[in-house]
$ cat work11.cif   # mmCIF, C-alpha atoms
data_coords
loop_
_atom_site.group_PDB
_atom_site.id
_atom_site.type_symbol
_atom_site.label_atom_id
_atom_site.label_comp_id
_atom_site.auth_asym_id
_atom_site.auth_seq_id
_atom_site.Cartn_x
_atom_site.Cartn_y
_atom_site.Cartn_z
ATOM 1 C CA MET D 21 5.876 1.953 -11.687
ATOM 2 C CA ALA D 22 4.478 5.356 -12.664
ATOM 3 C CA TRP D 23 0.844 5.940 -13.615
ATOM 4 C CA LEU D 24 -1.172 8.648 -15.320
ATOM 5 C CA PHE D 25 -4.848 9.103 -14.444
ATOM 6 C CA THR D 26 -6.979 10.628 -17.167
ATOM 7 C CA ASP D 27 -8.950 13.688 -16.166
ATOM 8 C CA ALA D 28 -11.297 15.900 -18.165
ATOM 9 C CA ARG D 29 -9.281 19.007 -17.280
ATOM 10 C CA LEU D 30 -6.318 17.658 -19.272
ATOM 11 C CA GLY D 31 -8.130 18.093 -22.585
ATOM 12 C CA ARG D 32 -5.973 17.374 -25.606
ATOM 13 C CA ALA D 33 -2.830 17.695 -23.464
ATOM 14 C CA LEU D 34 -3.623 14.187 -22.196
ATOM 15 C CA PHE D 35 -1.956 12.629 -25.233
ATOM 16 C CA ALA D 36 1.244 14.644 -24.791
ATOM 17 C CA ALA D 37 1.222 13.707 -21.100
ATOM 18 C CA ALA D 38 0.790 10.003 -21.957
ATOM 19 C CA ALA D 39 3.725 10.237 -24.348
ATOM 20 C CA GLN D 40 5.912 11.395 -21.415
ATOM 21 C CA LEU D 41 5.410 8.179 -19.445
ATOM 22 C CA PRO D 42 8.466 5.959 -19.274
ATOM 23 C CA PRO D 43 8.146 2.447 -20.725
ATOM 24 C CA GLY D 44 6.626 0.060 -18.200
ATOM 25 C CA SER D 45 4.302 2.725 -16.799
ATOM 26 C CA GLY D 46 0.523 2.747 -17.027
ATOM 27 C CA ILE D 47 -2.582 4.791 -17.729
ATOM 28 C CA VAL D 48 -5.880 4.597 -15.853
ATOM 29 C CA ILE D 49 -8.705 5.721 -18.128
ATOM 30 C CA ARG D 50 -11.555 7.079 -16.026
ATOM 31 C CA ASP D 51 -13.648 9.544 -18.055
ATOM 32 C CA ASP D 52 -16.931 7.796 -17.233
ATOM 33 C CA ASP D 53 -18.780 11.038 -17.925
ATOM 34 C CA ARG D 54 -17.895 10.967 -21.627
ATOM 35 C CA ALA D 55 -20.331 9.580 -24.166
ATOM 36 C CA PRO D 56 -19.487 5.908 -24.894
ATOM 37 C CA GLY D 57 -18.292 6.599 -28.452
ATOM 38 C CA GLU D 58 -16.105 9.477 -27.335
ATOM 39 C CA ARG D 59 -14.679 7.396 -24.486
ATOM 40 C CA TRP D 60 -13.964 4.526 -26.892
ATOM 41 C CA ARG D 61 -12.086 6.873 -29.254
ATOM 42 C CA LEU D 62 -10.086 8.208 -26.288
ATOM 43 C CA ALA D 63 -9.242 4.644 -25.226
ATOM 44 C CA ARG D 64 -8.187 3.695 -28.787
ATOM 45 C CA ARG D 65 -5.881 6.691 -29.067
ATOM 46 C CA LEU D 66 -4.323 6.020 -25.658
ATOM 47 C CA ALA D 67 -3.966 2.325 -26.560
ATOM 48 C CA ALA D 68 -1.888 3.305 -29.608
ATOM 49 C CA ILE D 69 0.410 5.382 -27.394
ATOM 50 C CA ALA D 70 0.528 2.517 -24.880
ATOM 51 C CA ARG D 71 1.591 -0.006 -27.526
ATOM 52 C CA ALA D 72 4.341 2.298 -28.790
ATOM 53 C CA ARG D 73 5.635 3.022 -25.268
ATOM 54 C CA GLN D 74 5.005 -0.405 -23.660
ATOM 55 C CA LEU D 75 2.442 0.964 -21.212
ATOM 56 C CA THR D 76 -0.316 -0.814 -19.296
ATOM 57 C CA ILE D 77 -3.901 0.387 -19.771
ATOM 58 C CA LEU D 78 -6.573 0.070 -17.079
ATOM 59 C CA LEU D 79 -10.151 1.044 -17.860
ATOM 60 C CA ALA D 80 -12.508 2.179 -15.105
ATOM 61 C CA GLY D 81 -15.802 0.364 -15.366
ATOM 62 C CA ALA D 82 -17.012 -3.131 -16.044
ATOM 63 C CA PRO D 83 -14.495 -5.964 -16.542
ATOM 64 C CA ALA D 84 -16.276 -7.169 -19.701
ATOM 65 C CA LEU D 85 -15.941 -3.708 -21.249
ATOM 66 C CA ALA D 86 -12.241 -3.505 -20.323
ATOM 67 C CA ARG D 87 -11.691 -6.899 -21.951
ATOM 68 C CA ARG D 88 -13.719 -5.982 -25.067
ATOM 69 C CA TRP D 89 -11.771 -2.735 -25.504
ATOM 70 C CA GLY D 90 -8.428 -4.513 -25.154
ATOM 71 C CA ALA D 91 -7.384 -3.001 -21.822
ATOM 72 C CA ASP D 92 -4.855 -4.858 -19.692
ATOM 73 C CA GLY D 93 -6.995 -4.402 -16.632
ATOM 74 C CA VAL D 94 -9.903 -2.759 -14.913
ATOM 75 C CA HIS D 95 -10.049 0.001 -12.313
ATOM 76 C CA LEU D 96 -12.906 -0.901 -9.996
ATOM 77 C CA ARG D 97 -14.371 1.807 -7.862
ATOM 78 C CA GLN D 98 -15.290 0.603 -4.392
ATOM 79 C CA ARG D 99 -18.977 0.193 -5.246
ATOM 80 C CA HIS D 100 -17.970 -2.248 -8.002
ATOM 81 C CA ALA D 101 -15.585 -4.390 -5.927
ATOM 82 C CA ARG D 102 -17.925 -7.357 -6.372
ATOM 83 C CA HIS D 103 -16.781 -7.522 -10.026
ATOM 84 C CA ALA D 104 -13.177 -8.339 -9.071
ATOM 85 C CA ALA D 105 -13.705 -12.108 -9.354
ATOM 86 C CA GLN D 106 -15.056 -11.687 -12.887
ATOM 87 C CA ALA D 107 -12.069 -9.510 -13.800
ATOM 88 C CA HIS D 108 -9.654 -12.118 -12.459
ATOM 89 C CA ARG D 109 -11.440 -14.846 -14.455
ATOM 90 C CA LEU D 110 -11.008 -12.703 -17.573
ATOM 91 C CA GLY D 111 -7.269 -12.434 -16.866
ATOM 92 C CA LEU D 112 -7.408 -8.715 -16.150
ATOM 93 C CA ILE D 113 -5.307 -6.719 -13.722
ATOM 94 C CA VAL D 114 -7.563 -5.349 -10.978
ATOM 95 C CA SER D 115 -6.946 -1.974 -9.369
ATOM 96 C CA MET D 116 -8.989 -0.197 -6.732
ATOM 97 C CA PRO D 117 -8.881 3.178 -5.002
ATOM 98 C CA VAL D 118 -8.090 3.212 -1.278
ATOM 99 C CA HIS D 119 -8.776 6.278 0.878
ATOM 100 C CA ASN D 120 -9.438 4.697 4.277
ATOM 101 C CA LEU D 121 -9.342 1.467 6.299
ATOM 102 C CA ARG D 122 -12.693 0.204 4.999
ATOM 103 C CA GLU D 123 -11.554 0.605 1.397
ATOM 104 C CA ALA D 124 -8.174 -1.015 2.117
ATOM 105 C CA ARG D 125 -9.967 -4.056 3.542
ATOM 106 C CA ALA D 126 -12.278 -4.156 0.523
ATOM 107 C CA ALA D 127 -9.260 -4.131 -1.822
ATOM 108 C CA ARG D 128 -7.758 -7.041 0.123
ATOM 109 C CA ARG D 129 -11.029 -9.035 -0.019
ATOM 110 C CA ALA D 130 -11.263 -8.359 -3.755
ATOM 111 C CA ARG D 131 -7.659 -9.531 -4.187
ATOM 112 C CA ALA D 132 -6.839 -6.316 -6.039
ATOM 113 C CA ASP D 133 -3.496 -6.348 -7.805
ATOM 114 C CA LEU D 134 -3.042 -2.585 -7.379
ATOM 115 C CA ALA D 135 -4.288 -0.191 -4.717
ATOM 116 C CA PHE D 136 -4.198 3.510 -5.541
ATOM 117 C CA VAL D 137 -3.831 4.862 -1.996
ATOM 118 C CA SER D 138 -4.663 8.539 -1.807
ATOM 119 C CA PRO D 139 -4.364 11.404 -1.323
ATOM 120 C CA LEU D 140 -0.829 11.334 0.004
ATOM 121 C CA HIS D 141 -0.441 15.090 -0.589
ATOM 122 C CA PRO D 142 -2.931 17.889 -1.252
ATOM 123 C CA THR D 143 -4.178 17.709 -4.815
ATOM 124 C CA ARG D 144 -6.045 19.890 -7.292
ATOM 125 C CA SER D 145 -8.219 16.904 -8.229
ATOM 126 C CA HIS D 146 -9.828 16.903 -4.781
ATOM 127 C CA PRO D 147 -9.405 20.409 -3.375
ATOM 128 C CA GLY D 148 -9.774 20.567 0.369
ATOM 129 C CA ALA D 149 -9.551 16.796 0.868
ATOM 130 C CA PRO D 150 -7.302 16.037 3.844
ATOM 131 C CA ALA D 151 -4.010 14.461 2.835
ATOM 132 C CA LEU D 152 -2.914 11.210 4.444
ATOM 133 C CA LYS D 153 0.146 11.298 6.652
ATOM 134 C CA ARG D 154 2.920 9.001 5.473
ATOM 135 C CA ALA D 155 2.360 6.562 8.372
ATOM 136 C CA THR D 156 -1.342 6.329 7.499
ATOM 137 C CA TRP D 157 -0.495 5.860 3.815
ATOM 138 C CA LEU D 158 1.863 2.993 4.695
ATOM 139 C CA ARG D 159 -0.738 1.387 6.955
ATOM 140 C CA LEU D 160 -3.403 1.513 4.226
ATOM 141 C CA ALA D 161 -0.906 0.233 1.661
ATOM 142 C CA ARG D 162 -0.035 -2.789 3.833
ATOM 143 C CA LEU D 163 -3.639 -3.493 4.727
ATOM 144 C CA SER D 164 -4.758 -3.467 1.077
ATOM 145 C CA GLY D 165 -2.599 -6.506 0.310
ATOM 146 C CA ALA D 166 -1.962 -5.119 -3.175
ATOM 147 C CA GLN D 167 0.879 -3.353 -4.940
ATOM 148 C CA ALA D 168 0.466 0.115 -3.449
ATOM 149 C CA VAL D 169 0.518 3.165 -5.683
ATOM 150 C CA ALA D 170 0.647 6.664 -4.182
ATOM 151 C CA LEU D 171 -1.714 9.202 -5.684
ATOM 152 C CA GLY D 172 -2.421 12.797 -4.791
ATOM 153 C CA GLY D 173 -0.003 15.645 -5.406
ATOM 154 C CA MET D 174 2.707 13.236 -6.534
ATOM 155 C CA THR D 175 5.843 14.187 -8.447
ATOM 156 C CA SER D 176 8.887 12.110 -9.334
ATOM 157 C CA ALA D 177 10.766 13.725 -6.413
ATOM 158 C CA ARG D 178 7.979 12.894 -3.950
ATOM 159 C CA ALA D 179 7.875 9.346 -5.328
ATOM 160 C CA ALA D 180 11.609 8.934 -4.687
ATOM 161 C CA THR D 181 11.186 10.223 -1.125
ATOM 162 C CA LEU D 182 8.305 7.802 -0.526
ATOM 163 C CA ARG D 183 10.330 4.876 -1.901
ATOM 164 C CA ARG D 184 13.182 5.645 0.503
ATOM 165 C CA ALA D 185 10.796 6.073 3.454
ATOM 166 C CA SER D 186 8.933 2.848 2.608
ATOM 167 C CA LYS D 187 11.997 0.660 2.307
ATOM 168 C CA ALA D 188 11.986 -0.403 5.974
ATOM 169 C CA SER D 189 8.327 -1.448 5.726
ATOM 170 C CA GLY D 190 8.985 -3.778 2.791
ATOM 171 C CA ILE D 191 6.680 -1.768 0.527
ATOM 172 C CA VAL D 192 7.975 -0.732 -2.880
ATOM 173 C CA PRO D 193 5.389 1.862 -3.891
ATOM 174 C CA GLY D 194 4.440 2.962 -7.339
ATOM 175 C CA TRP D 195 3.131 6.459 -7.919
ATOM 176 C CA ALA D 196 0.458 8.119 -10.009
ATOM 177 C CA ALA D 197 -0.216 11.678 -11.059
ATOM 178 C CA ILE D 198 -2.153 13.936 -13.330
ATOM 179 C CA ASP D 199 -0.586 17.390 -13.019
ATOM 180 C CA HIS D 200 3.005 16.117 -12.907
ATOM 181 C CA TRP D 201 2.707 14.536 -16.349
ATOM 182 C CA LEU D 202 0.824 17.520 -17.715
ATOM 183 C CA GLU D 203 3.555 19.899 -16.513
ATOM 184 C CA LYS D 204 6.267 17.647 -17.918
ATOM 185 C CA ALA D 205 4.540 17.588 -21.318
ATOM 186 C CA ALA D 206 4.147 21.399 -21.272
ATOM 187 C CA LYS D 207 7.870 21.870 -20.523
ATOM 188 C CA ARG D 208 8.774 19.569 -23.370
ATOM 189 C CA ARG D 209 6.664 21.601 -25.820
ATOM 190 C CA VAL D 210 8.468 24.795 -24.753
#
$ encode --input "work11.cif" --output "structure tokens"
Amino acid sequence: MAWLFTDARLGRALFAAAAQLPPGSGIVIRDDDRAPGERWRLARRLAAIARARQLTILLAGAPALARRWGADGVHLRQRHARHAAQAHRLGLIVSMPVHNLREARAARRARADLAFVSPLHPTRSHPGAPALKRATWLRLARLSGAQAVALGGMTSARAATLRRASKASGIVPGWAAIDHWLEKAAKRRV
């Protein structure tokens, strides 16, 4: 499964990028720094695209807000892992970021459905952050106990390579990106 993470640097190109996602993919709406009304309008517009393209929407933040806004799930940052039980009770998909062993264990304890394990490759979102080696990525993915999704410098080609390399471990990874979808949308406009 492919995922798009929202990011302020996408601007209005976010909607074109979302429209490039294949059916069955998903969008993680972060944008916590936006004013609530602006964030709600962004979520509504992405929800319309999601309905038309059969996409899953995860909202970063509180499970009750994700439920109220009609999201399929909630993206819980590590400091909010304690809200996973509430999200499960509300019938929401729970995703969490995983960057290290401590966070992988926290995702397992929270019974996260998805673990966005990153960064697999260098990324513009976190310049200078050390990338995980593939063996470390696989270890964190297994330890999380969740459906692992690779994030960080991902492209469709890198996702295919990771799928082949992960086959022996029994992991069937998803992948997420920001720039890849933005570049794909830009090419389509040209």
$ closest_residue --input "work11.cif" --among "D:Leu62, D:Leu78, D:Val137, D:Ala36" --to "Val114 in chain D" --atoms "all atoms listed in the file"
D:Leu78
$ residues_around --input "work11.cif" --residues "range 117-122 of chain D" --least-positions-apart "2" --cutoff "6 Å" --atoms "all atoms listed in the file" --output "PyMOL selection string"
chain D and resi 124-125+135-138
$ atom_distance --input "work11.cif" --atom1 "CA of Ala86 in chain D" --atom2 "CA of Asp51 in chain D"
13.3 Å
$ resolve_selection --input "work11.cif" --expression "the PyMOL selection byres ((chain D and resi 45) around 9)" --output "compact mmCIF listing (two decimals) with C-alpha atoms, in the coordinates of the input"
# COMPACT_ATOMS: atom_id res chain seq x y z
CA MET D 21 5.88 1.95 -11.69
CA ALA D 22 4.48 5.36 -12.66
CA TRP D 23 0.84 5.94 -13.62
CA LEU D 24 -1.17 8.65 -15.32
CA LEU D 41 5.41 8.18 -19.44
CA PRO D 42 8.47 5.96 -19.27
CA PRO D 43 8.15 2.45 -20.72
CA GLY D 44 6.63 0.06 -18.20
CA GLY D 46 0.52 2.75 -17.03
CA ILE D 47 -2.58 4.79 -17.73
CA ALA D 70 0.53 2.52 -24.88
CA ARG D 73 5.64 3.02 -25.27
CA GLN D 74 5.00 -0.40 -23.66
CA LEU D 75 2.44 0.96 -21.21
CA THR D 76 -0.32 -0.81 -19.30
$ residues_near_point --input "work11.cif" --point "(-7.1, -3.2, -17.5)" --cutoff "9 Å" --atoms "all atoms listed in the file" --output "PyMOL selection string"
chain D and resi 48+76-80+83+86-87+90-95+107+112-115
$ resolve_selection --input "work11.cif" --expression "the PyMOL selection byres ((chain D and resi 186) around 12)" --output "PyMOL selection string"
chain D and resi 154-159+161-162+168-170+179-185+187-194
$ closest_residue --input "work11.cif" --among "D:Ala28, D:Ala55, D:Leu140, D:Ala132" --to "Met174 in chain D" --atoms "all atoms listed in the file"
D:Leu140
$ closest_residue --input "work11.cif" --among "D:His141, D:Pro56, D:Thr26, D:Ser176" --to "Lys204 in chain D" --atoms "only C-alpha atoms"
D:Ser176
$ atom_distance --input "work11.cif" --atom1 "CA of Gly165 in chain D" --atom2 "CA of Ala104 in chain D"
14.3 Å
$ residues_around --input "work11.cif" --residues "Arg65 in chain D" --least-positions-apart "4" --cutoff "12 Å" --atoms "only C-alpha atoms" --output "NGL selection string"
:D and (32 or 34-36 or 38-39 or 47 or 49 or 58-61 or 69-72 or 77 or 89)
$ write_last_selection --input "work11.cif" --atoms "C-alpha atoms" --output "short mmCIF file (atom, residue, chain, number, x, y, z; two decimals), in the frame of the given file"
data_model
loop_
_atom_site.label_atom_id
_atom_site.label_comp_id
_atom_site.auth_asym_id
_atom_site.auth_seq_id
_atom_site.Cartn_x
_atom_site.Cartn_y
_atom_site.Cartn_z
CA ARG D 32 -5.97 17.37 -25.61
CA LEU D 34 -3.62 14.19 -22.20
CA PHE D 35 -1.96 12.63 -25.23
CA ALA D 36 1.24 14.64 -24.79
CA ALA D 38 0.79 10.00 -21.96
CA ALA D 39 3.72 10.24 -24.35
CA ILE D 47 -2.58 4.79 -17.73
CA ILE D 49 -8.70 5.72 -18.13
CA GLU D 58 -16.10 9.48 -27.34
CA ARG D 59 -14.68 7.40 -24.49
CA TRP D 60 -13.96 4.53 -26.89
CA ARG D 61 -12.09 6.87 -29.25
CA ILE D 69 0.41 5.38 -27.39
CA ALA D 70 0.53 2.52 -24.88
CA ARG D 71 1.59 -0.01 -27.53
CA ALA D 72 4.34 2.30 -28.79
CA ILE D 77 -3.90 0.39 -19.77
CA TRP D 89 -11.77 -2.74 -25.50
#
$ closest_residue --input "work11.cif" --among "D:Leu134, D:Ala151, D:Ala33, D:Leu66" --to "Gln167 in chain D" --atoms "all atoms listed in the file"
D:Leu134
